[in-house]
$ cat coords_4.tsv   # TSV, C-alpha atoms
chain	number	residue	atom	x	y	z
A	20	MET	CA	17.72	31.33	-115.74
A	21	SER	CA	21.40	32.09	-115.97
A	22	GLU	CA	23.67	30.81	-113.28
A	23	HIS	CA	26.16	33.23	-111.80
A	24	GLU	CA	29.13	31.90	-109.92
A	25	PHE	CA	30.60	34.47	-107.49
A	26	HIS	CA	34.27	34.67	-106.72
A	27	PRO	CA	35.17	32.78	-103.55
A	28	LEU	CA	36.09	36.02	-101.79
A	29	VAL	CA	32.68	37.44	-102.69
A	30	LYS	CA	31.09	34.33	-101.21
A	31	GLN	CA	33.01	35.00	-98.01
A	32	LEU	CA	31.61	38.55	-98.13
A	33	LEU	CA	28.07	37.17	-98.43
A	34	ASP	CA	28.74	34.83	-95.54
A	35	GLY	CA	29.83	37.80	-93.45
A	36	ASP	CA	33.36	36.53	-93.07
A	37	ILE	CA	34.91	39.62	-94.59
A	38	THR	CA	33.83	43.19	-95.29
A	39	LEU	CA	33.44	44.89	-98.63
A	40	ALA	CA	36.54	46.98	-97.93
A	41	ALA	CA	38.56	43.82	-97.49
A	42	LEU	CA	37.85	42.76	-101.06
A	43	PRO	CA	40.46	43.49	-103.72
A	44	PRO	CA	39.49	46.54	-105.78
A	45	GLU	CA	38.76	44.44	-108.84
A	46	LEU	CA	36.18	42.41	-106.91
A	47	ARG	CA	34.40	45.23	-105.10
A	48	ALA	CA	31.90	45.79	-107.92
A	49	GLU	CA	31.02	42.13	-107.91
A	50	GLY	CA	30.74	42.25	-104.15
A	51	GLN	CA	28.39	45.22	-104.25
A	52	GLU	CA	26.25	43.48	-106.88
A	53	ALA	CA	26.07	40.37	-104.70
A	54	LEU	CA	25.04	42.41	-101.65
A	55	ARG	CA	22.37	44.15	-103.72
A	56	LEU	CA	20.93	40.88	-104.86
A	57	LEU	CA	20.95	39.53	-101.30
A	58	ALA	CA	19.16	42.61	-100.00
A	59	ALA	CA	16.47	42.20	-102.63
A	60	VAL	CA	15.48	38.77	-101.36
A	61	ASP	CA	12.03	38.82	-99.79
A	62	ARG	CA	12.40	37.71	-96.21
A	63	THR	CA	8.78	37.85	-95.40
A	64	PRO	CA	7.79	34.68	-93.56
A	65	VAL	CA	5.75	32.29	-95.65
A	66	GLN	CA	2.23	31.97	-94.33
A	67	LEU	CA	1.60	28.27	-93.81
A	68	LEU	CA	-1.39	28.75	-91.56
A	69	ALA	CA	-3.85	27.27	-93.97
A	70	ILE	CA	-1.70	24.22	-94.54
A	71	SER	CA	-1.10	23.79	-90.83
A	72	GLN	CA	-4.78	23.97	-90.03
A	73	HIS	CA	-5.57	21.45	-92.72
A	74	VAL	CA	-2.99	19.01	-91.43
A	75	MET	CA	-4.04	19.46	-87.83
A	76	GLN	CA	-7.68	18.91	-88.71
A	77	LYS	CA	-6.77	15.64	-90.38
A	78	ILE	CA	-4.83	14.58	-87.32
A	79	ALA	CA	-7.61	15.61	-84.97
A	80	VAL	CA	-10.24	13.43	-86.62
A	81	ARG	CA	-8.12	10.28	-86.37
A	82	PRO	CA	-8.96	8.34	-83.22
A	83	LEU	CA	-6.21	7.92	-80.67
A	84	PRO	CA	-5.00	4.30	-80.47
A	85	GLU	CA	-5.97	2.55	-77.30
A	86	ARG	CA	-2.96	1.86	-75.09
A	87	SER	CA	-3.51	-1.43	-73.36
A	88	VAL	CA	-1.65	-2.34	-70.19
A	89	TRP	CA	0.44	-4.80	-72.15
A	90	ARG	CA	1.33	-2.13	-74.74
A	91	ARG	CA	2.35	0.20	-71.98
A	92	VAL	CA	4.50	-2.53	-70.48
A	93	VAL	CA	6.24	-3.46	-73.73
A	94	ALA	CA	6.40	0.05	-75.16
A	95	PRO	CA	9.99	1.22	-75.63
A	96	ARG	CA	10.96	3.90	-73.23
A	97	GLU	CA	14.08	5.78	-72.45
A	98	VAL	CA	16.05	4.35	-69.52
A	99	ARG	CA	18.68	6.46	-67.89
A	100	LEU	CA	21.26	4.86	-65.67
A	101	ARG	CA	22.97	7.06	-63.18
A	102	ILE	CA	25.82	5.77	-61.09
A	103	ARG	CA	25.35	6.65	-57.46
A	104	PRO	CA	28.39	5.55	-55.51
A	105	TRP	CA	26.69	6.02	-52.14
A	106	LEU	CA	24.27	3.18	-53.08
A	107	LEU	CA	27.12	0.72	-53.50
A	108	ALA	CA	27.36	-0.05	-49.79
A	109	PRO	CA	23.70	-1.02	-49.28
A	110	ALA	CA	23.76	-2.93	-52.57
A	111	LEU	CA	26.76	-4.94	-51.44
A	112	ALA	CA	25.07	-5.54	-48.09
A	113	ILE	CA	22.01	-6.93	-49.85
A	114	ALA	CA	24.29	-9.04	-52.05
A	115	ALA	CA	25.97	-10.49	-48.98
A	116	ALA	CA	22.59	-11.24	-47.41
A	117	LEU	CA	21.35	-12.91	-50.58
A	118	ILE	CA	24.50	-14.99	-50.88
A	119	LEU	CA	24.17	-16.11	-47.28
A	120	PHE	CA	20.46	-16.83	-47.25
A	121	LEU	CA	19.65	-17.83	-50.82
A	122	ARG	CA	22.50	-20.21	-51.51
A	123	PRO	CA	21.34	-23.72	-52.43
A	124	ALA	CA	20.52	-25.76	-49.38
A	125	PRO	CA	22.61	-28.84	-48.64
A	126	THR	CA	21.02	-32.10	-49.63
A	127	ALA	CA	21.06	-33.54	-46.14
A	128	ALA	CA	20.63	-32.19	-42.68
A	129	PRO	CA	24.08	-31.72	-41.15
A	130	GLY	CA	24.97	-33.63	-38.05
A	131	SER	CA	22.90	-36.71	-38.84
A	132	LEU	CA	25.33	-39.43	-39.89
A	133	ILE	CA	24.57	-43.10	-40.35
A	134	THR	CA	26.96	-45.99	-40.86
A	135	VAL	CA	26.11	-48.28	-43.75
A	136	ARG	CA	27.79	-51.48	-44.89
A	137	PHE	CA	27.86	-52.22	-48.60
A	138	VAL	CA	28.31	-55.78	-49.82
A	139	LEU	CA	28.75	-57.24	-53.30
A	140	VAL	CA	29.43	-60.86	-54.19
A	141	ALA	CA	31.74	-60.83	-57.20
A	142	PRO	CA	34.04	-63.88	-57.17
A	143	ASP	CA	35.64	-63.09	-60.52
A	144	ALA	CA	36.30	-59.40	-59.88
A	145	HIS	CA	39.82	-58.08	-59.45
A	146	GLU	CA	38.72	-54.80	-57.91
A	147	VAL	CA	35.40	-53.35	-56.83
A	148	SER	CA	34.64	-49.80	-55.80
A	149	LEU	CA	31.62	-47.75	-54.90
A	150	ALA	CA	30.54	-44.61	-56.73
A	151	GLY	CA	27.56	-42.48	-55.93
A	152	THR	CA	26.13	-39.14	-54.99
A	153	PHE	CA	28.07	-39.28	-51.71
A	154	ASN	CA	31.49	-39.30	-53.41
A	155	ARG	CA	30.68	-37.31	-56.57
A	156	TRP	CA	30.51	-40.53	-58.57
A	157	ASP	CA	34.24	-41.02	-58.28
A	158	ALA	CA	34.88	-44.60	-59.35
A	159	HIS	CA	38.18	-44.72	-57.49
A	160	ALA	CA	37.33	-42.93	-54.25
A	161	THR	CA	35.75	-45.79	-52.31
A	162	PRO	CA	37.27	-49.22	-52.95
A	163	LEU	CA	35.68	-52.31	-51.45
A	164	VAL	CA	37.77	-54.90	-49.64
A	165	ARG	CA	37.66	-58.54	-50.62
A	166	SER	CA	37.07	-60.71	-47.59
A	167	GLY	CA	38.37	-64.24	-48.03
A	168	PRO	CA	38.30	-66.46	-51.09
A	169	THR	CA	34.51	-66.38	-51.51
A	170	GLY	CA	34.48	-63.21	-53.53
A	171	VAL	CA	32.54	-61.11	-51.02
A	172	TRP	CA	33.50	-57.46	-51.31
A	173	THR	CA	32.56	-55.05	-48.53
A	174	ALA	CA	32.90	-51.40	-47.55
A	175	THR	CA	31.57	-49.54	-44.54
A	176	LEU	CA	30.75	-45.86	-44.94
A	177	THR	CA	29.35	-43.14	-42.74
A	178	LEU	CA	26.81	-41.20	-44.76
A	179	ALA	CA	24.67	-38.18	-44.14
A	180	ALA	CA	20.95	-38.71	-43.62
A	181	GLY	CA	19.02	-38.24	-46.81
A	182	GLN	CA	18.84	-39.94	-50.15
A	183	HIS	CA	21.78	-41.45	-51.98
A	184	GLN	CA	22.14	-43.14	-55.34
A	185	TYR	CA	25.07	-45.37	-56.11
A	186	ALA	CA	26.46	-48.30	-58.07
A	187	PHE	CA	29.35	-50.70	-57.75
A	188	VAL	CA	32.18	-50.36	-60.27
A	189	VAL	CA	33.68	-53.74	-61.05
A	190	ASP	CA	37.22	-53.82	-62.46
A	191	GLY	CA	37.00	-50.11	-63.21
A	192	VAL	CA	34.65	-50.47	-66.15
A	193	ARG	CA	31.48	-52.32	-65.26
A	194	TRP	CA	28.78	-50.37	-63.38
A	195	VAL	CA	26.64	-52.78	-61.39
A	196	PRO	CA	23.59	-51.89	-59.26
A	197	ASP	CA	23.40	-53.27	-55.74
A	198	PRO	CA	21.35	-56.50	-56.03
A	199	GLY	CA	20.17	-56.03	-52.46
A	200	ALA	CA	18.72	-52.54	-52.83
A	201	PRO	CA	15.95	-50.95	-54.87
A	202	ALA	CA	17.06	-49.30	-58.09
A	203	VAL	CA	15.88	-46.57	-60.43
A	204	ASP	CA	16.62	-45.69	-64.04
A	205	ASP	CA	19.75	-43.54	-64.18
A	206	GLY	CA	18.78	-41.80	-67.42
A	207	PHE	CA	21.67	-43.39	-69.29
A	208	GLY	CA	20.22	-46.83	-69.85
A	209	ARG	CA	21.53	-48.28	-66.60
A	210	ARG	CA	20.17	-48.45	-63.05
A	211	ASN	CA	21.23	-46.74	-59.86
A	212	SER	CA	20.70	-48.28	-56.47
A	213	VAL	CA	18.83	-46.16	-53.95
A	214	LEU	CA	19.57	-45.69	-50.28
A	215	THR	CA	17.22	-43.63	-48.14
A	216	LEU	CA	18.57	-42.82	-44.67
B	22	MET	CA	17.79	3.67	-56.95
B	23	ILE	CA	15.73	0.50	-56.51
B	24	ALA	CA	17.23	-0.88	-59.70
B	25	THR	CA	20.71	-0.29	-58.35
B	26	LEU	CA	19.88	-1.97	-55.07
B	27	LEU	CA	18.51	-5.02	-56.86
B	28	VAL	CA	20.69	-5.37	-59.93
B	29	ILE	CA	24.06	-5.31	-58.18
B	30	PRO	CA	23.23	-7.95	-55.53
B	31	LEU	CA	21.53	-10.24	-58.01
B	32	THR	CA	24.43	-9.92	-60.43
B	33	LEU	CA	26.92	-10.71	-57.69
B	34	LEU	CA	24.81	-13.60	-56.47
B	35	GLY	CA	24.61	-15.05	-59.96
B	36	MET	CA	28.35	-14.72	-60.43
B	37	GLN	CA	29.03	-16.36	-57.08
B	38	GLN	CA	26.69	-19.23	-57.90
B	39	GLN	CA	28.20	-19.75	-61.34
B	40	ASP	CA	31.68	-19.83	-59.83
B	41	SER	CA	30.54	-22.43	-57.32
B	42	ILE	CA	28.97	-24.61	-59.99
B	43	ALA	CA	31.97	-24.24	-62.27
B	44	ALA	CA	34.26	-25.31	-59.44
B	45	ARG	CA	32.19	-28.44	-58.82
B	46	LEU	CA	32.19	-29.35	-62.50
B	47	ALA	CA	35.81	-28.52	-63.20
B	48	GLY	CA	37.65	-31.52	-64.60
B	49	ARG	CA	34.59	-33.74	-64.25
B	50	VAL	CA	32.58	-32.93	-67.36
B	51	THR	CA	33.27	-31.63	-70.85
B	52	PRO	CA	33.24	-27.83	-71.35
B	53	ASP	CA	30.01	-28.05	-73.34
B	54	VAL	CA	28.23	-29.95	-70.61
B	55	ALA	CA	29.63	-27.59	-67.98
B	56	THR	CA	28.28	-24.59	-69.85
B	57	LEU	CA	24.88	-26.22	-70.23
B	58	VAL	CA	24.70	-27.16	-66.56
B	59	GLN	CA	25.64	-23.64	-65.52
B	60	GLN	CA	22.94	-22.14	-67.72
B	61	LEU	CA	20.31	-24.59	-66.52
B	62	SER	CA	21.39	-24.13	-62.91
B	63	VAL	CA	21.14	-20.35	-62.97
B	64	ALA	CA	17.70	-20.58	-64.56
B	65	ALA	CA	16.60	-23.29	-62.13
B	66	SER	CA	17.86	-21.35	-59.15
B	67	ALA	CA	15.95	-18.28	-60.29
B	68	ARG	CA	12.81	-20.44	-60.21
B	69	GLY	CA	13.59	-21.66	-56.70
B	70	LEU	CA	14.66	-25.12	-57.85
B	71	PRO	CA	17.62	-27.06	-56.45
B	72	VAL	CA	20.71	-27.18	-58.66
B	73	ASP	CA	22.44	-30.11	-56.97
B	74	PRO	CA	20.52	-32.79	-58.93
B	75	LEU	CA	21.61	-31.17	-62.20
B	76	ILE	CA	25.25	-31.09	-61.18
B	77	GLN	CA	25.11	-34.65	-59.85
B	78	LYS	CA	23.53	-35.98	-63.04
B	79	ALA	CA	26.17	-34.32	-65.21
B	80	ILE	CA	29.02	-35.67	-63.09
B	81	GLU	CA	27.41	-39.12	-62.96
B	82	GLY	CA	27.05	-39.30	-66.73
B	83	SER	CA	30.61	-38.25	-67.34
B	84	ALA	CA	31.93	-40.67	-64.71
B	85	LYS	CA	30.08	-43.49	-66.45
B	86	GLY	CA	31.64	-42.58	-69.77
B	87	VAL	CA	28.36	-41.51	-71.35
B	88	PRO	CA	28.68	-39.32	-74.49
B	89	ALA	CA	28.29	-35.60	-73.80
B	90	GLU	CA	25.12	-35.28	-75.89
B	91	ARG	CA	23.41	-37.94	-73.83
B	92	VAL	CA	24.59	-36.36	-70.59
B	93	ALA	CA	23.12	-33.06	-71.73
B	94	THR	CA	19.81	-34.75	-72.52
B	95	ALA	CA	19.71	-36.38	-69.09
B	96	VAL	CA	20.49	-33.10	-67.32
B	97	ARG	CA	17.71	-31.34	-69.24
B	98	TRP	CA	15.36	-34.16	-68.30
B	99	VAL	CA	16.21	-33.73	-64.61
B	100	ALA	CA	15.54	-30.00	-64.92
B	101	MET	CA	12.10	-30.75	-66.38
B	102	GLN	CA	11.35	-33.20	-63.58
B	103	LEU	CA	12.33	-30.60	-60.99
B	104	ASP	CA	9.87	-28.17	-62.56
B	105	THR	CA	7.19	-30.86	-62.59
B	106	ALA	CA	7.82	-31.69	-58.94
B	107	ALA	CA	7.75	-28.05	-57.87
B	108	ALA	CA	4.49	-27.44	-59.72
B	109	ALA	CA	2.93	-30.57	-58.21
B	110	LEU	CA	3.95	-29.49	-54.71
B	111	ARG	CA	2.56	-26.00	-55.23
B	112	GLU	CA	-0.66	-27.61	-56.48
B	113	GLY	CA	-0.80	-29.41	-53.16
B	114	GLY	CA	-0.40	-26.15	-51.27
B	115	VAL	CA	3.15	-26.70	-50.13
B	116	VAL	CA	5.53	-23.79	-49.89
B	117	THR	CA	8.43	-25.49	-51.59
B	118	ASP	CA	12.06	-25.52	-50.62
B	119	THR	CA	14.89	-27.10	-52.53
B	120	LEU	CA	15.03	-30.28	-50.45
B	121	VAL	CA	11.39	-31.18	-50.89
B	122	ILE	CA	11.55	-30.41	-54.61
B	123	ALA	CA	14.60	-32.67	-55.00
B	124	ALA	CA	12.72	-35.39	-53.12
B	125	GLY	CA	9.75	-34.92	-55.44
B	126	GLU	CA	12.04	-35.15	-58.46
B	127	PHE	CA	13.43	-38.43	-57.16
B	128	ALA	CA	9.93	-39.79	-56.61
B	129	ILE	CA	8.99	-38.89	-60.19
B	130	SER	CA	12.16	-40.47	-61.54
B	131	ALA	CA	11.27	-43.61	-59.59
B	132	GLY	CA	7.90	-43.82	-61.33
B	133	LEU	CA	5.41	-41.70	-59.40
B	134	SER	CA	3.31	-39.09	-61.19
B	135	ASN	CA	2.82	-35.41	-60.49
B	136	HIS	CA	-0.66	-36.28	-59.20
B	137	ASP	CA	0.93	-38.65	-56.67
B	138	ILE	CA	3.22	-35.84	-55.50
B	139	THR	CA	0.27	-33.48	-55.14
B	140	ALA	CA	-1.68	-36.11	-53.20
B	141	LEU	CA	1.15	-36.48	-50.70
B	142	ALA	CA	1.51	-32.70	-50.45
B	143	ARG	CA	-2.17	-32.44	-49.56
B	144	THR	CA	-1.75	-34.58	-46.44
B	145	GLY	CA	-0.86	-31.42	-44.56
B	146	ALA	CA	2.41	-32.89	-43.32
B	147	SER	CA	5.29	-30.58	-42.49
B	148	VAL	CA	7.77	-29.90	-45.26
B	149	ALA	CA	10.40	-31.95	-43.41
B	150	ALA	CA	8.06	-34.93	-43.08
B	151	LEU	CA	6.89	-34.56	-46.66
B	152	THR	CA	10.51	-34.57	-47.85
B	153	VAL	CA	11.13	-37.90	-46.14
B	154	GLY	CA	7.75	-39.18	-47.31
B	155	LEU	CA	8.58	-38.42	-50.94
B	156	ARG	CA	11.96	-40.13	-50.67
B	157	VAL	CA	10.39	-43.21	-49.12
B	158	ALA	CA	7.56	-43.22	-51.68
B	159	GLY	CA	10.18	-43.13	-54.44
B	160	THR	CA	12.03	-45.99	-52.79
B	161	LEU	CA	8.83	-48.04	-52.58
B	162	ALA	CA	8.15	-47.34	-56.24
B	163	ALA	CA	11.64	-48.62	-57.03
B	164	MET	CA	10.77	-51.74	-55.03
B	165	GLY	CA	7.77	-52.34	-57.26
B	166	VAL	CA	4.97	-51.02	-55.06
B	167	PRO	CA	2.18	-49.70	-57.33
B	168	SER	CA	1.26	-46.02	-57.04
B	169	ALA	CA	-2.16	-46.51	-55.44
B	170	GLU	CA	-0.87	-48.66	-52.57
B	171	ASN	CA	2.27	-46.57	-52.31
B	172	ILE	CA	0.48	-43.24	-51.94
B	173	GLY	CA	-2.13	-44.82	-49.66
B	174	LEU	CA	0.52	-46.11	-47.28
B	175	ILE	CA	2.69	-42.98	-47.23
B	176	SER	CA	-0.34	-40.68	-46.91
B	177	THR	CA	-1.58	-42.64	-43.93
B	178	LYS	CA	1.85	-42.50	-42.34
B	179	LEU	CA	2.15	-38.76	-42.96
B	180	ARG	CA	-1.30	-38.08	-41.52
B	181	SER	CA	-0.51	-40.11	-38.43
B	182	GLY	CA	1.73	-37.33	-37.18
B	183	ARG	CA	4.51	-39.77	-36.30
B	184	PRO	CA	8.08	-38.47	-36.47
B	185	PRO	CA	9.51	-38.38	-40.01
B	186	GLY	CA	12.15	-40.93	-38.99
B	187	ASP	CA	9.33	-43.45	-38.58
B	188	LEU	CA	8.78	-43.33	-42.33
B	189	LEU	CA	12.29	-44.57	-42.93
B	190	LEU	CA	11.27	-47.93	-41.49
B	191	VAL	CA	8.67	-48.47	-44.20
B	192	PRO	CA	10.92	-49.86	-46.98
B	193	ALA	CA	12.37	-52.46	-44.62
B	194	ASP	CA	8.85	-53.35	-43.43
B	195	VAL	CA	7.69	-53.79	-47.02
B	196	GLN	CA	10.79	-55.86	-47.78
B	197	SER	CA	10.01	-58.10	-44.81
B	198	GLU	CA	6.46	-58.64	-46.01
B	199	ILE	CA	7.67	-59.43	-49.53
B	200	ALA	CA	10.11	-61.94	-48.06
B	201	ARG	CA	7.10	-63.70	-46.56
B	202	GLY	CA	5.73	-64.29	-50.03
B	203	VAL	CA	3.29	-61.44	-50.67
B	204	THR	CA	3.44	-59.03	-53.60
B	205	PRO	CA	4.73	-55.48	-53.12
B	206	ALA	CA	1.16	-54.20	-53.55
B	207	GLN	CA	-0.18	-56.58	-50.91
B	208	ALA	CA	2.66	-55.70	-48.57
B	209	ALA	CA	1.97	-51.97	-48.85
B	210	ALA	CA	-1.78	-52.42	-48.53
B	211	GLY	CA	-1.35	-54.53	-45.40
B	212	LEU	CA	0.98	-51.97	-43.85
B	213	GLU	CA	-1.45	-49.19	-44.71
B	214	ARG	CA	-4.26	-51.02	-42.89
B	215	ALA	CA	-1.97	-51.53	-39.92
B	216	ALA	CA	-0.97	-47.85	-39.92
B	217	ALA	CA	-4.61	-46.77	-40.10
B	218	ALA	CA	-5.50	-49.06	-37.20
B	219	GLN	CA	-2.56	-47.75	-35.25
B	220	ALA	CA	-3.72	-44.19	-35.87
B	221	ARG	CA	-7.15	-45.13	-34.45
B	222	HIS	CA	-6.04	-47.21	-31.48
B	223	GLY	CA	-2.47	-46.12	-30.77
B	224	PRO	CA	0.84	-47.83	-31.47
B	225	PRO	CA	1.40	-51.51	-30.64
B	226	PRO	CA	3.59	-52.35	-27.66
B	227	GLY	CA	7.27	-51.82	-28.35
B	228	ARG	CA	6.73	-49.45	-31.26
B	229	ASP	CA	5.93	-46.36	-29.22
B	230	ASN	CA	9.25	-44.73	-29.85
B	231	PRO	CA	11.08	-45.32	-33.10
B	232	PRO	CA	14.70	-46.37	-32.88
B	233	PRO	CA	17.19	-43.51	-33.14
B	234	HIS	CA	18.55	-44.79	-36.45
B	235	PRO	CA	16.89	-46.89	-39.13
B	236	PRO	CA	18.31	-50.35	-39.68
B	237	ALA	CA	20.83	-50.83	-42.42
B	238	PRO	CA	19.28	-51.61	-45.80
B	239	PRO	CA	19.03	-55.24	-46.73
B	240	HIS	CA	22.04	-56.78	-48.42
B	241	PRO	CA	22.78	-60.32	-49.50
$ encode --input "coords_4.tsv" --output "structure tokens"
Amino acid sequence: MSEHEFHPLVKQLLDGDITLAALPPELRAEGQEALRLLAAVDRTPVQLLAISQHVMQKIAVRPLPERSVWRRVVAPREVRLRIRPWLLAPALAIAAALILFLRPAPTAAPGSLITVRFVLVAPDAHEVSLAGTFNRWDAHATPLVRSGPTGVWTATLTLAAGQHQYAFVVDGVRWVPDPGAPAVDDGFGRRNSVLTL
Amino acid sequence: MIATLLVIPLTLLGMQQQDSIAARLAGRVTPDVATLVQQLSVAASARGLPVDPLIQKAIEGSAKGVPAERVATAVRWVAMQLDTAAAALREGGVVTDTLVIAAGEFAISAGLSNHDITALARTGASVAALTVGLRVAGTLAAMGVPSAENIGLISTKLRSGRPPGDLLLVPADVQSEIARGVTPAQAAAGLERAAAAQARHGPPPGRDNPPPHPPAPPHP
């Protein structure tokens, strides 16, 4: 089969971009030949009925896969998001309600305050402070006062009712549990004293 | 439409909570620990768990100069204990709130088991009373009272229907008994018998109304 390459202008003619009259005279014969060949093409639709029926029969005999509830849940599906500005107001209202009502509850009932006196005997200490859940474990927030030459350090605090864990901090570096209170493992290899009010 | 109404509030709520947690952790813990605590807190909050114990544990570890990896491990451990406490309370039929879960977590950290928590939850006490009961049970465990005597005493107290503040007297009562020379187990068992007798016959003279505030804890 010989290959015939048409002139680009003839190709434009075949594409319908130009008319035969628009071709240069020297190309009109080629253009007519190209149109003749195009007209000779059989445009009768190909009958694929037999093939289609065969394929469809094959498909029909295959059992449909069972779609379990789980498969329906996890099956990918198209999700369309539409922005609806008029829903913004109720959404923000719900957000405000959630923020007000679902925020973490305080750890102690408000209004119930109890005064507690903390005492540590540490004759050799230069400074002693108290750190615990009530002062965000700040080792400098609650210093104890040395009373007299005996080395008794004291502090009096007003705490909310509830549960508190704490330790004494001696000379800024040594964390010491209260020898007069029960203690639990702090998770770091030391012990925290416990105060339940 | 429903998705819009739910997604926007929950997103805003999560952002607000993360901001709050970040503010509490700012300057107190390393960035890695802060990120971990925020992630654990958001997940815990979504499960109805309190986030304060996680934040407190992270701050505590950093304040004590503990390496960040160990702080992270401790915070994760607290999160697990909160889950355990919540499950134990649900097992006991209690509709949990964050305070009672935190109290349960403390009790577990003090040495009680999830079965002990469930046993106390099954007393039918109010959530407020159960919260105090769990805190006191944890305190007794820290004092060396074995689980059986501990749960027996606190269960009896909870079933008595006395005000929750009455429970706060128990550690001092146990301490007094120990000071007399008995073991913590014997002290708790004796107090349980007394509480059971009181429930049958009424309170002894002078103990009808509990004092408005519990006495200060014992100190040397």
$ atom_distance --input "coords_4.tsv" --atom1 "CA of Phe137 (chain A)" --atom2 "CA of Gly82 (chain B)"
22.3 Å
$ closest_residue --input "coords_4.tsv" --among "A:Thr152, A:Asn211, A:Gln184, A:Thr161" --to "chain B" --atoms "only C-alpha atoms"
A:Thr152
$ residues_around --input "coords_4.tsv" --residues "Ile133 (chain A)" --least-positions-apart "6" --cutoff "8 Å" --atoms "only C-alpha atoms" --output "VMD selection string"
(chain A and resid 177 to 180 216) or (chain B and resid 234)
$ atom_distance --input "coords_4.tsv" --atom1 "CA of Thr139 (chain B)" --atom2 "CA of Val115 (chain B)"
8.9 Å
$ residues_around --input "coords_4.tsv" --residues "Pro71 (chain B)" --least-positions-apart "6" --cutoff "12 Å" --atoms "all atoms listed in the file" --output "MDAnalysis selection string"
(chainID A and resid 121:126) or (chainID B and resid 61:65 77 99:104 106:107 117:126)
$ atom_distance --input "coords_4.tsv" --atom1 "CA of Ala89 (chain B)" --atom2 "CA of Val54 (chain B)"
6.5 Å
$ residues_around --input "coords_4.tsv" --residues "Gly86 (chain B)" --least-positions-apart "2" --cutoff "12 Å" --atoms "only C-alpha atoms" --output "VMD selection string"
(chain A and resid 156 to 158 191 to 194 207) or (chain B and resid 49 to 51 79 to 84 88 to 92)
